[in-house]
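Enquirer: To be precise about what I am sending: the file is called final_5.cif and holds mmCIF, C-alpha atoms and all ligand atoms.
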data_target
loop_
_atom_site.label_atom_id
_atom_site.label_comp_id
_atom_site.auth_asym_id
_atom_site.auth_seq_id
_atom_site.Cartn_x
_atom_site.Cartn_y
_atom_site.Cartn_z
CA MET Y 1366 -6.00 12.14 -17.70
CA TRP Y 1367 -6.44 12.34 -13.95
CA LYS Y 1368 -9.26 14.72 -13.12
CA ARG Y 1369 -9.43 17.16 -10.24
CA TRP Y 1370 -11.04 15.77 -7.15
CA PHE Y 1371 -12.64 18.00 -4.55
CA GLY Y 1372 -10.50 21.04 -3.78
CA LYS Y 1373 -7.22 19.18 -3.71
CA THR Y 1374 -4.43 20.64 -5.82
CA ASN Y 1375 -3.97 18.53 -8.86
CA GLU Y 1376 -0.19 18.34 -8.82
CA ASP Y 1377 1.45 16.86 -11.87
CA VAL Y 1378 4.47 14.97 -10.61
CA THR Y 1379 6.40 15.54 -13.86
CA LYS Y 1380 6.23 19.31 -13.27
CA LEU Y 1381 7.89 19.19 -9.85
CA GLU Y 1382 11.49 20.39 -9.57
CA ALA Y 1383 12.64 17.13 -7.91
CA TYR Y 1384 11.33 15.12 -10.87
CA LYS Y 1385 14.32 16.28 -12.94
CA SER Y 1386 16.71 14.58 -10.51
CA ILE Y 1387 15.06 11.14 -10.65
CA ASP Y 1388 17.17 8.38 -12.19
CA PHE Y 1389 14.67 6.35 -14.19
CA ASP Y 1390 17.03 3.40 -14.45
CA LYS Y 1391 17.03 3.07 -10.67
CA LEU Y 1392 13.36 3.39 -9.76
CA PRO Y 1393 12.15 1.23 -6.87
CA LYS Y 1394 9.95 -1.46 -8.41
CA HIS Y 1395 7.73 -1.79 -5.39
CA ILE Y 1396 7.00 0.95 -2.85
CA ALA Y 1397 5.11 0.12 0.34
CA ILE Y 1398 3.49 2.91 2.35
CA ILE Y 1399 2.22 2.77 5.92
CA MET Y 1400 -0.43 5.49 5.71
CA ASP Y 1401 -0.13 6.62 9.33
CA GLY Y 1402 -0.94 9.81 11.23
CA ASN Y 1403 -4.49 10.56 10.12
CA GLY Y 1404 -5.75 10.78 13.69
CA ARG Y 1405 -2.90 13.01 14.89
CA TRP Y 1406 -3.36 15.27 11.88
CA ALA Y 1407 -7.02 15.76 12.77
CA GLN Y 1408 -6.50 16.12 16.52
CA LYS Y 1409 -3.86 18.82 16.01
CA GLN Y 1410 -6.53 20.93 14.36
CA GLY Y 1411 -9.24 20.07 16.84
CA LEU Y 1412 -11.05 17.94 14.26
CA MET Y 1413 -12.52 14.47 14.65
CA ARG Y 1414 -10.18 11.58 13.80
CA THR Y 1415 -12.55 10.52 11.04
CA LEU Y 1416 -11.84 13.75 9.16
CA GLY Y 1417 -8.19 12.77 9.22
CA HIS Y 1418 -9.05 9.49 7.53
CA ARG Y 1419 -11.03 11.34 4.91
CA ALA Y 1420 -8.10 13.66 4.24
CA GLY Y 1421 -5.84 10.59 4.10
CA VAL Y 1422 -7.87 9.17 1.23
CA GLU Y 1423 -7.22 12.32 -0.76
CA THR Y 1424 -3.50 11.92 -0.14
CA LEU Y 1425 -3.69 8.32 -1.34
CA ARG Y 1426 -5.34 9.50 -4.51
CA GLU Y 1427 -2.55 12.03 -5.18
CA VAL Y 1428 0.20 9.55 -4.34
CA VAL Y 1429 -1.25 6.85 -6.60
CA LYS Y 1430 -1.37 9.34 -9.43
CA ALA Y 1431 2.22 10.42 -8.75
CA ALA Y 1432 3.52 6.84 -8.52
CA SER Y 1433 1.76 6.03 -11.77
CA GLY Y 1434 3.21 9.16 -13.43
CA LEU Y 1435 6.66 8.20 -12.21
CA GLY Y 1436 6.42 4.72 -13.71
CA ILE Y 1437 6.53 2.77 -10.45
CA ARG Y 1438 5.61 -0.90 -10.99
CA ALA Y 1439 3.80 -1.58 -7.72
CA LEU Y 1440 2.53 0.42 -4.76
CA THR Y 1441 1.18 -1.25 -1.64
CA ALA Y 1442 -0.74 0.97 0.76
CA TYR Y 1443 -1.53 -0.15 4.31
CA ALA Y 1444 -5.10 0.93 4.97
CA PHE Y 1445 -6.29 -1.31 7.82
CA SER Y 1446 -4.34 -3.83 9.86
CA THR Y 1447 -5.56 -7.03 11.50
CA GLU Y 1448 -4.85 -5.16 14.77
CA ASN Y 1449 -6.94 -2.11 13.85
CA TRP Y 1450 -10.14 -3.97 14.92
CA LYS Y 1451 -9.11 -2.98 18.47
CA ARG Y 1452 -10.27 0.58 17.71
CA PRO Y 1453 -13.73 1.83 18.70
CA ASP Y 1454 -16.53 0.30 16.61
CA SER Y 1455 -17.49 3.72 15.28
CA GLU Y 1456 -14.01 4.34 13.84
CA VAL Y 1457 -13.83 0.84 12.33
CA LYS Y 1458 -17.22 1.32 10.70
CA PHE Y 1459 -16.21 4.72 9.38
CA LEU Y 1460 -13.07 3.26 7.82
CA MET Y 1461 -14.95 0.36 6.21
CA ASP Y 1462 -17.48 2.79 4.73
CA LEU Y 1463 -14.62 4.94 3.52
CA PHE Y 1464 -13.02 2.01 1.64
CA SER Y 1465 -16.34 1.32 -0.01
CA GLU Y 1466 -16.75 4.97 -0.95
CA TYR Y 1467 -13.16 5.09 -2.23
CA LEU Y 1468 -13.86 2.24 -4.63
CA ASP Y 1469 -17.13 3.77 -5.86
CA ARG Y 1470 -15.49 7.10 -6.44
CA GLU Y 1471 -12.09 6.12 -7.77
CA ILE Y 1472 -12.52 2.95 -9.76
CA ASP Y 1473 -13.41 4.60 -13.09
CA GLU Y 1474 -10.44 6.88 -13.00
CA LEU Y 1475 -8.04 4.20 -11.80
CA HIS Y 1476 -9.21 1.98 -14.65
CA GLU Y 1477 -8.91 4.79 -17.23
CA ASN Y 1478 -5.34 5.28 -16.08
CA ASN Y 1479 -4.47 1.62 -16.56
CA VAL Y 1480 -4.05 0.91 -12.82
CA LYS Y 1481 -4.45 -2.70 -11.74
CA ILE Y 1482 -6.05 -2.80 -8.32
CA ARG Y 1483 -5.65 -5.68 -5.89
CA PHE Y 1484 -6.50 -6.19 -2.26
CA ILE Y 1485 -4.33 -8.10 0.17
CA GLY Y 1486 -5.34 -9.36 3.60
CA ARG Y 1487 -8.27 -11.28 5.03
CA ILE Y 1488 -10.81 -9.96 2.58
CA GLU Y 1489 -13.32 -12.70 3.46
CA GLU Y 1490 -13.88 -11.08 6.87
CA LEU Y 1491 -15.08 -7.78 5.38
CA SER Y 1492 -18.75 -7.01 4.78
CA ASP Y 1493 -20.45 -8.71 1.83
CA LEU Y 1494 -21.01 -5.36 0.15
CA LEU Y 1495 -17.35 -4.35 0.44
CA GLN Y 1496 -16.25 -7.78 -0.79
CA THR Y 1497 -18.48 -7.43 -3.84
CA LYS Y 1498 -17.00 -4.03 -4.65
CA ILE Y 1499 -13.48 -5.35 -4.17
CA GLU Y 1500 -14.09 -8.33 -6.46
CA SER Y 1501 -15.63 -6.15 -9.13
CA ALA Y 1502 -12.74 -3.63 -8.95
CA GLN Y 1503 -10.16 -6.41 -9.19
CA LEU Y 1504 -11.94 -8.07 -12.07
CA ARG Y 1505 -12.45 -4.86 -13.98
CA THR Y 1506 -8.79 -3.81 -13.77
CA ALA Y 1507 -7.26 -7.31 -13.96
CA ASN Y 1508 -5.83 -6.84 -17.46
CA ASN Y 1509 -4.46 -3.35 -16.89
CA THR Y 1510 -0.73 -3.05 -17.45
CA GLY Y 1511 0.12 0.16 -15.55
CA LEU Y 1512 0.74 0.63 -11.83
CA ILE Y 1513 -0.23 -2.30 -9.63
CA LEU Y 1514 -2.04 -0.81 -6.64
CA ASN Y 1515 -2.28 -3.19 -3.69
CA LEU Y 1516 -4.52 -2.08 -0.90
CA ALA Y 1517 -3.84 -3.85 2.38
CA VAL Y 1518 -7.16 -4.07 4.21
CA ASN Y 1519 -7.55 -6.35 7.22
CA TYR Y 1520 -3.95 -7.20 6.51
CA GLY Y 1521 -1.32 -8.45 8.94
CA SER Y 1522 1.94 -9.95 7.83
CA ARG Y 1523 1.96 -12.67 10.50
CA ASP Y 1524 -1.59 -13.56 9.53
CA GLU Y 1525 -0.58 -13.71 5.85
CA ILE Y 1526 2.40 -15.94 6.64
CA THR Y 1527 0.23 -18.19 8.85
CA ARG Y 1528 -2.38 -18.55 6.08
CA THR Y 1529 0.39 -19.32 3.61
CA VAL Y 1530 1.88 -22.00 5.86
CA LYS Y 1531 -1.56 -23.67 6.02
CA ILE Y 1532 -1.99 -23.57 2.23
CA ILE Y 1533 1.43 -25.14 1.73
CA ALA Y 1534 0.90 -27.73 4.49
CA ASN Y 1535 -2.34 -28.78 2.78
CA LYS Y 1536 -0.51 -29.23 -0.52
CA VAL Y 1537 1.93 -31.55 1.21
CA LYS Y 1538 -0.89 -33.42 2.92
CA ASN Y 1539 -2.72 -33.91 -0.39
CA ASN Y 1540 0.50 -35.11 -2.05
CA GLU Y 1541 0.43 -32.20 -4.50
CA ILE Y 1542 4.00 -31.28 -3.51
CA LYS Y 1543 6.89 -32.81 -1.57
CA ILE Y 1544 8.49 -31.11 1.43
CA GLU Y 1545 11.64 -30.71 -0.70
CA ASP Y 1546 9.65 -28.50 -3.13
CA ILE Y 1547 9.31 -25.82 -0.44
CA ASN Y 1548 11.90 -23.11 -0.85
CA GLU Y 1549 11.94 -19.30 -0.49
CA ASN Y 1550 10.53 -18.74 -3.98
CA PHE Y 1551 7.75 -21.20 -3.36
CA ILE Y 1552 6.74 -19.37 -0.20
CA THR Y 1553 6.96 -15.96 -1.91
CA ASN Y 1554 4.66 -17.26 -4.65
CA HIS Y 1555 2.01 -18.30 -2.13
CA LEU Y 1556 1.78 -15.01 -0.26
CA ASP Y 1557 -0.96 -12.44 -0.97
CA THR Y 1558 1.64 -10.49 -2.97
CA ALA Y 1559 2.47 -13.41 -5.31
CA GLY Y 1560 3.72 -12.17 -8.66
CA ILE Y 1561 4.68 -8.72 -7.39
CA PRO Y 1562 8.35 -7.76 -7.01
CA GLU Y 1563 9.66 -7.66 -3.45
CA VAL Y 1564 9.48 -4.33 -1.64
CA ASP Y 1565 12.35 -1.96 -2.46
CA LEU Y 1566 11.24 1.09 -0.49
CA VAL Y 1567 9.08 1.47 2.62
CA ILE Y 1568 7.66 4.87 3.50
CA ARG Y 1569 6.19 5.61 6.93
CA PRO Y 1570 4.94 9.11 7.67
CA SER Y 1571 4.03 10.67 11.04
CA GLY Y 1572 7.17 9.94 12.99
CA ASP Y 1573 6.71 6.40 14.31
CA LEU Y 1574 9.71 4.21 13.54
CA ARG Y 1575 8.14 0.76 13.29
CA ILE Y 1576 6.73 -1.75 10.82
CA SER Y 1577 3.41 -2.56 12.57
CA ASN Y 1578 3.06 -6.06 11.07
CA PHE Y 1579 3.35 -4.95 7.44
CA LEU Y 1580 4.91 -7.12 4.69
CA LEU Y 1581 7.57 -8.63 6.95
CA TRP Y 1582 8.71 -11.26 4.45
CA GLN Y 1583 8.51 -8.95 1.45
CA MET Y 1584 10.59 -6.16 2.99
CA ALA Y 1585 13.52 -8.32 4.08
CA TYR Y 1586 15.96 -6.12 2.11
CA ALA Y 1587 13.89 -2.97 1.64
CA GLU Y 1588 15.19 0.53 2.23
CA PHE Y 1589 13.27 2.66 4.75
CA TRP Y 1590 12.24 6.29 4.55
CA PHE Y 1591 10.58 7.90 7.55
CA THR Y 1592 9.14 11.40 7.85
CA GLU Y 1593 7.46 13.42 10.59
CA ILE Y 1594 4.81 14.62 8.13
CA ASN Y 1595 1.38 13.16 8.87
CA TRP Y 1596 -0.16 11.22 6.00
CA PRO Y 1597 -2.87 13.82 5.16
CA ASP Y 1598 -0.08 16.39 4.64
CA PHE Y 1599 2.09 14.04 2.54
CA LYS Y 1600 2.52 15.39 -0.99
CA PRO Y 1601 3.72 13.95 -4.31
CA ASN Y 1602 6.93 15.90 -3.70
CA ASP Y 1603 7.49 13.83 -0.54
CA LEU Y 1604 7.22 10.69 -2.63
CA LEU Y 1605 9.89 12.10 -4.93
CA GLN Y 1606 12.09 12.90 -1.91
CA ALA Y 1607 11.75 9.32 -0.70
CA VAL Y 1608 12.68 7.96 -4.13
CA LEU Y 1609 15.66 10.33 -4.40
CA SER Y 1610 16.88 9.21 -0.99
CA TYR Y 1611 16.43 5.56 -2.04
CA GLN Y 1612 18.48 6.18 -5.18
CA LYS Y 1613 21.43 7.40 -3.09
CA ARG Y 1614 21.56 4.24 -0.96
CA GLU Y 1615 24.02 1.46 -1.60
CA ARG Y 1616 22.13 -1.84 -1.48
CA ARG Y 1617 24.48 -4.69 -0.72
CA PHE Y 1618 22.10 -7.56 0.05
CA GLY Y 1619 24.69 -9.00 2.39
CA GLY Y 1620 27.45 -8.87 -0.19
CA LEU Y 1621 30.31 -6.40 -0.59
CA LYS Y 1622 30.35 -3.22 -2.57
C1 LIG P 1 -3.60 5.60 9.96
O1 LIG P 1 -3.84 6.69 10.77
C2 LIG P 1 -4.86 4.99 9.42
C3 LIG P 1 -5.21 3.68 10.01
C4 LIG P 1 -4.49 3.00 10.84
C5 LIG P 1 -6.47 3.13 9.60
P1 LIG P 1 -4.11 6.51 12.32
O2 LIG P 1 -5.57 6.43 12.55
O3 LIG P 1 -3.32 5.39 12.86
O4 LIG P 1 -3.56 7.89 12.87
P2 LIG P 1 -2.76 8.11 14.21
O5 LIG P 1 -1.60 7.19 14.18
O6 LIG P 1 -3.71 7.80 15.33
O7 LIG P 1 -2.36 9.54 14.15
C1 LIG P 2 -0.39 0.90 10.94
O1 LIG P 2 -0.75 2.02 11.67
C2 LIG P 2 -1.54 0.39 10.14
C3 LIG P 2 -2.03 1.29 9.10
C4 LIG P 2 -1.49 2.42 8.72
C5 LIG P 2 -3.21 0.83 8.42
P1 LIG P 2 -1.21 1.91 13.19
O2 LIG P 2 -1.53 3.29 13.63
O3 LIG P 2 -2.27 0.89 13.35
O4 LIG P 2 0.12 1.36 13.88
P2 LIG P 2 0.61 1.39 15.39
O5 LIG P 2 -0.52 0.89 16.23
O6 LIG P 2 0.93 2.81 15.70
O7 LIG P 2 1.81 0.51 15.38
MG MG P 3 -1.48 5.23 13.68
#
Represent the structure contained in this file as structure tokens.
Expert:
Amino acid sequence: MWKRWFGKTNEDVTKLEAYKSIDFDKLPKHIAIIMDGNGRWAQKQGLMRTLGHRAGVETLREVVKAASGLGIRALTAYAFSTENWKRPDSEVKFLMDLFSEYLDREIDELHENNVKIRFIGRIEELSDLLQTKIESAQLRTANNTGLILNLAVNYGSRDEITRTVKIIANKVKNNEIKIEDINENFITNHLDTAGIPEVDLVIRPSGDLRISNFLLWQMAYAEFWFTEINWPDFKPNDLLQAVLSYQKRERRFGGLK
């Protein structure tokens, strides 16, 4: 079971009213969340931005639990972009420490709940200590069969695509493959998200209507759900609302009804 954590309400997603309306045959396989608005949440209350990030981690914890309870296959959460290095050193350091702390604190419970944790992005540029924790978390949960939790840290979609192009170009150069072997599936299978279904639903809280270099290839046909709510105020019920909205959409993939 998921334990209580700090003072946060321990909402059980299956007990929420909206849960009854979910169509379990039409669940999005992969949900991607841009966890935005931590700073604005804090500033509104006269708090330091860092406290917003801390509150955001608690939201992540609740949303992971809810997604797992709902039976979602994969959840990718955008935690730090390749562009976020432009922020003040103190904020960057705070965030890096927070990721480390998150792993220390959450890994046991994630593992107990059968969550498979993976990191996407330029992990090799993170501190040695954080890399060690990431590797150990990935290794420990590698055989879990429940929710796949991808954490995007030092992730940028253009960077991912550029790295992938280099990997594939090297395979051609070394005569491992022929140019004719390169097709959409081949590219998909060389991205950081290889093996994970493409994104069905993108959620962005806090009112900005943009993608910010997140999973560009993977969300080619995703449905979008935006909300004004800042990430620290986002609740499991909001996840249900996003899924319910998704289930009402008609996805045509370029075809006809
Ligand atoms: C999202 O919250 C977290 C990260 C980008 C690391 P922000 O820090 O971007 O919060 P706002 O957008 O300034 O409110
Ligand atoms: C996107 O949020 C990245 C993360 C949530 C980690 P940003 O706050 O960095 O995005 P922009 O700068 O508003 O586009
Ligand atoms: Mg932001």
Enquirer: Around ligand LIG 2 (chain P), which protein and nucleic acid residues have at least one atom no more than 6 Å from it, if we count all atoms listed in the file? List them as a list of chain:residue names.
Expert: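 Sorted by chain and then by number, the residues are Y:Ile1399, Y:Met1400, Y:Asp1401, Y:Tyr1443, Y:Ala1444, Y:Phe1445, Y:Ser1446, Y:Asn1449, Y:Ser1577.
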Enquirer: Once you count all atoms listed in the file, which residues end up no further than 10 Å from (15.6, 1.2, 11.0) in the file's frame, shown as a PyMOL selection string?
Expert: chain Y and resi 1574-1576+1588-1591
Enquirer: List as a list in words the protein and nucleic acid residues near region 1428-1438 of chain Y, meaning an atom at most 7 Å away when only C-alpha atoms are counted, but skip any in the same chain fewer than 6 places from it.
Expert: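 Non-adjacent residues within range: Val1378, Leu1392, Pro1393, Lys1394, His1395, Leu1512, Ile1513 and Pro1601 of chain Y.
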Enquirer: Which residues are near ligand LIG 1 (chain P) - at most 10 Å, using all atoms listed in the file? Format: as a PyMOL selection string.
Expert: chain Y and resi 1399-1409+1414-1415+1417-1419+1421-1422+1443-1446+1448-1450+1452+1456-1457+1459-1461+1518-1519+1570-1573+1577+1595-1597
Enquirer: Nearest to Arg1470 (chain Y): which of Y:Glu1423, Y:Asp1454, Y:Asp1493, Y:Glu1593 is it, counting all atoms listed in the file?
Expert: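 Going through Y:Glu1423, Y:Asp1454, Y:Asp1493, Y:Glu1593 one by one, the smallest distance to Arg1470 (chain Y) is for Y:Glu1423.
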Enquirer: State, in Å with one decimal place, the distance from CA of Glu1563 (chain Y) to CA of Lys1391 (chain Y).
Expert: 14.9 Å
Enquirer: Quick one: distance from CA of Leu1609 (chain Y) to CA of Thr1379 (chain Y) in Å, one decimal?
Expert: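 Computed distance, CA of Leu1609 (chain Y) to CA of Thr1379 (chain Y), equals 14.2 Å.
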Enquirer: Enter the distance from CA of Asp1377 (chain Y) to CA of Ala1517 (chain Y), in Å, rounded to one decimal.
Expert: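 Separating CA of Asp1377 (chain Y) from CA of Ala1517 (chain Y) is a distance of 25.7 Å.
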Enquirer: Using all atoms listed in the file, pick whichever of Y:Lys1536, Y:Lys1481, Y:Lys1622, Y:Arg1569 has the shortest atom-to-atom distance to ligand MG 3 (chain P).
Expert: Y:Arg1569
Enquirer: Using all atoms listed in the file, which of the listed residues (Y:Ser1386, Y:Ser1492, Y:Ser1455, Y:Thr1441) sits closest to Val1567 (chain Y)?
Expert: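 Of all the options, Y:Thr1441 lies closest to Val1567 (chain Y).
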Enquirer: Neighbours of Tyr1520 (chain Y) within 8 Å (all atoms listed in the file; same-chain residues fewer than 4 positions away dropped), as number ranges by chain?
Expert: Y: 1443, 1445-1447, 1485-1487, 1524-1525, 1579
Enquirer: Which polymer residues have any atom within 10 Å of an atom of Gln1503 (chain Y), counting all atoms listed in the file, with same-chain residues fewer than 4 positions away left out, as a list of chain:residue names?
Expert: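 Here the answer would be Y:Ile1472, Y:Lys1481, Y:Ile1482, Y:Arg1483, Y:Phe1484, Y:Thr1497, Y:Lys1498, Y:Ile1499, Y:Ala1507, Y:Asn1508.
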Enquirer: Each side padded by 5 Å, which centre and which edge lengths in Å (one decimal) define the axis-aligned box around the listed atoms of region 1601-1606 of chain Y? Give them as lines of an AutoDock Vina configuration file.
Expert:
center_x = 7.9
center_y = 13.3
center_z = -2.7
size_x = 18.4
size_y = 15.2
size_z = 14.4
Enquirer: Regenerate region 1398-1409 of chain Y at the level of all heavy atoms and dump it as a PDB file, in the coordinates of the input.
Expert:
ATOM      1  N   ILE Y1398       3.726   1.734   1.499  1.00  0.00           N
ATOM      2  CA  ILE Y1398       3.490   2.910   2.350  1.00  0.00           C
ATOM      3  C   ILE Y1398       2.593   2.559   3.525  1.00  0.00           C
ATOM      4  O   ILE Y1398       1.516   1.977   3.348  1.00  0.00           O
ATOM      5  CB  ILE Y1398       2.845   4.062   1.548  1.00  0.00           C
ATOM      6  CG1 ILE Y1398       3.706   4.417   0.325  1.00  0.00           C
ATOM      7  CG2 ILE Y1398       2.662   5.290   2.447  1.00  0.00           C
ATOM      8  CD1 ILE Y1398       3.232   5.638  -0.442  1.00  0.00           C
ATOM      9  N   ILE Y1399       3.040   2.900   4.713  1.00  0.00           N
ATOM     10  CA  ILE Y1399       2.220   2.770   5.920  1.00  0.00           C
ATOM     11  C   ILE Y1399       1.538   4.120   6.103  1.00  0.00           C
ATOM     12  O   ILE Y1399       2.167   5.091   6.533  1.00  0.00           O
ATOM     13  CB  ILE Y1399       3.097   2.389   7.142  1.00  0.00           C
ATOM     14  CG1 ILE Y1399       3.849   1.081   6.858  1.00  0.00           C
ATOM     15  CG2 ILE Y1399       2.229   2.277   8.409  1.00  0.00           C
ATOM     16  CD1 ILE Y1399       4.862   0.674   7.917  1.00  0.00           C
ATOM     17  N   MET Y1400       0.274   4.187   5.735  1.00  0.00           N
ATOM     18  CA  MET Y1400      -0.430   5.490   5.710  1.00  0.00           C
ATOM     19  C   MET Y1400      -0.827   5.878   7.139  1.00  0.00           C
ATOM     20  O   MET Y1400      -1.972   5.746   7.536  1.00  0.00           O
ATOM     21  CB  MET Y1400      -1.668   5.391   4.826  1.00  0.00           C
ATOM     22  CG  MET Y1400      -1.370   4.926   3.402  1.00  0.00           C
ATOM     23  SD  MET Y1400      -2.771   5.095   2.311  1.00  0.00           S
ATOM     24  CE  MET Y1400      -3.842   3.767   2.867  1.00  0.00           C
ATOM     25  N   ASP Y1401       0.131   6.382   7.897  1.00  0.00           N
ATOM     26  CA  ASP Y1401      -0.130   6.620   9.330  1.00  0.00           C
ATOM     27  C   ASP Y1401      -0.227   8.117   9.637  1.00  0.00           C
ATOM     28  O   ASP Y1401       0.313   8.950   8.925  1.00  0.00           O
ATOM     29  CB  ASP Y1401       0.995   5.976  10.145  1.00  0.00           C
ATOM     30  CG  ASP Y1401       0.619   5.824  11.607  1.00  0.00           C
ATOM     31  OD1 ASP Y1401      -0.586   5.846  11.925  1.00  0.00           O
ATOM     32  OD2 ASP Y1401       1.533   5.686  12.432  1.00  0.00           O
ATOM     33  N   GLY Y1402      -0.915   8.430  10.725  1.00  0.00           N
ATOM     34  CA  GLY Y1402      -0.940   9.810  11.230  1.00  0.00           C
ATOM     35  C   GLY Y1402      -2.226  10.574  10.926  1.00  0.00           C
ATOM     36  O   GLY Y1402      -2.292  11.774  11.168  1.00  0.00           O
ATOM     37  N   ASN Y1403      -3.224   9.888  10.427  1.00  0.00           N
ATOM     38  CA  ASN Y1403      -4.490  10.560  10.120  1.00  0.00           C
ATOM     39  C   ASN Y1403      -5.130  11.153  11.378  1.00  0.00           C
ATOM     40  O   ASN Y1403      -5.620  12.281  11.375  1.00  0.00           O
ATOM     41  CB  ASN Y1403      -5.495   9.583   9.507  1.00  0.00           C
ATOM     42  CG  ASN Y1403      -5.056   9.079   8.154  1.00  0.00           C
ATOM     43  OD1 ASN Y1403      -4.130   9.627   7.557  1.00  0.00           O
ATOM     44  ND2 ASN Y1403      -5.717   8.043   7.659  1.00  0.00           N
ATOM     45  N   GLY Y1404      -5.124  10.346  12.444  1.00  0.00           N
ATOM     46  CA  GLY Y1404      -5.750  10.780  13.690  1.00  0.00           C
ATOM     47  C   GLY Y1404      -5.023  11.975  14.281  1.00  0.00           C
ATOM     48  O   GLY Y1404      -5.641  12.960  14.686  1.00  0.00           O
ATOM     49  N   ARG Y1405      -3.693  11.907  14.330  1.00  0.00           N
ATOM     50  CA  ARG Y1405      -2.900  13.010  14.890  1.00  0.00           C
ATOM     51  C   ARG Y1405      -3.087  14.283  14.064  1.00  0.00           C
ATOM     52  O   ARG Y1405      -3.185  15.378  14.603  1.00  0.00           O
ATOM     53  CB  ARG Y1405      -1.420  12.623  14.943  1.00  0.00           C
ATOM     54  CG  ARG Y1405      -1.063  11.863  16.208  1.00  0.00           C
ATOM     55  CD  ARG Y1405       0.252  11.153  16.101  1.00  0.00           C
ATOM     56  NE  ARG Y1405       0.135   9.926  15.315  1.00  0.00           N
ATOM     57  CZ  ARG Y1405       1.155   9.126  15.062  1.00  0.00           C
ATOM     58  NH1 ARG Y1405       2.365   9.436  15.497  1.00  0.00           N
ATOM     59  NH2 ARG Y1405       0.964   8.027  14.371  1.00  0.00           N
ATOM     60  N   TRP Y1406      -3.153  14.121  12.757  1.00  0.00           N
ATOM     61  CA  TRP Y1406      -3.360  15.270  11.880  1.00  0.00           C
ATOM     62  C   TRP Y1406      -4.668  15.973  12.253  1.00  0.00           C
ATOM     63  O   TRP Y1406      -4.719  17.203  12.370  1.00  0.00           O
ATOM     64  CB  TRP Y1406      -3.418  14.797  10.421  1.00  0.00           C
ATOM     65  CG  TRP Y1406      -3.677  15.871   9.412  1.00  0.00           C
ATOM     66  CD1 TRP Y1406      -2.739  16.651   8.786  1.00  0.00           C
ATOM     67  CD2 TRP Y1406      -4.955  16.275   8.901  1.00  0.00           C
ATOM     68  NE1 TRP Y1406      -3.361  17.521   7.916  1.00  0.00           N
ATOM     69  CE2 TRP Y1406      -4.713  17.311   7.960  1.00  0.00           C
ATOM     70  CE3 TRP Y1406      -6.282  15.878   9.119  1.00  0.00           C
ATOM     71  CZ2 TRP Y1406      -5.749  17.945   7.260  1.00  0.00           C
ATOM     72  CZ3 TRP Y1406      -7.302  16.509   8.421  1.00  0.00           C
ATOM     73  CH2 TRP Y1406      -7.036  17.535   7.507  1.00  0.00           C
ATOM     74  N   ALA Y1407      -5.702  15.187  12.454  1.00  0.00           N
ATOM     75  CA  ALA Y1407      -7.020  15.760  12.770  1.00  0.00           C
ATOM     76  C   ALA Y1407      -7.012  16.390  14.168  1.00  0.00           C
ATOM     77  O   ALA Y1407      -7.456  17.529  14.347  1.00  0.00           O
ATOM     78  CB  ALA Y1407      -8.080  14.668  12.689  1.00  0.00           C
ATOM     79  N   GLN Y1408      -6.477  15.643  15.136  1.00  0.00           N
ATOM     80  CA  GLN Y1408      -6.500  16.120  16.520  1.00  0.00           C
ATOM     81  C   GLN Y1408      -5.738  17.436  16.701  1.00  0.00           C
ATOM     82  O   GLN Y1408      -6.171  18.308  17.450  1.00  0.00           O
ATOM     83  CB  GLN Y1408      -5.967  15.034  17.463  1.00  0.00           C
ATOM     84  CG  GLN Y1408      -7.106  14.106  17.904  1.00  0.00           C
ATOM     85  CD  GLN Y1408      -6.642  12.706  18.301  1.00  0.00           C
ATOM     86  OE1 GLN Y1408      -5.473  12.363  18.197  1.00  0.00           O
ATOM     87  NE2 GLN Y1408      -7.584  11.895  18.759  1.00  0.00           N
ATOM     88  N   LYS Y1409      -4.648  17.577  15.962  1.00  0.00           N
ATOM     89  CA  LYS Y1409      -3.860  18.820  16.010  1.00  0.00           C
ATOM     90  C   LYS Y1409      -4.703  20.035  15.659  1.00  0.00           C
ATOM     91  O   LYS Y1409      -4.430  21.138  16.080  1.00  0.00           O
ATOM     92  CB  LYS Y1409      -2.712  18.735  14.997  1.00  0.00           C
ATOM     93  CG  LYS Y1409      -1.368  18.470  15.611  1.00  0.00           C
ATOM     94  CD  LYS Y1409      -0.292  18.632  14.550  1.00  0.00           C
ATOM     95  CE  LYS Y1409       0.966  17.901  14.988  1.00  0.00           C
ATOM     96  NZ  LYS Y1409       1.892  17.708  13.891  1.00  0.00           N
TER      97      LYS Y1409
END
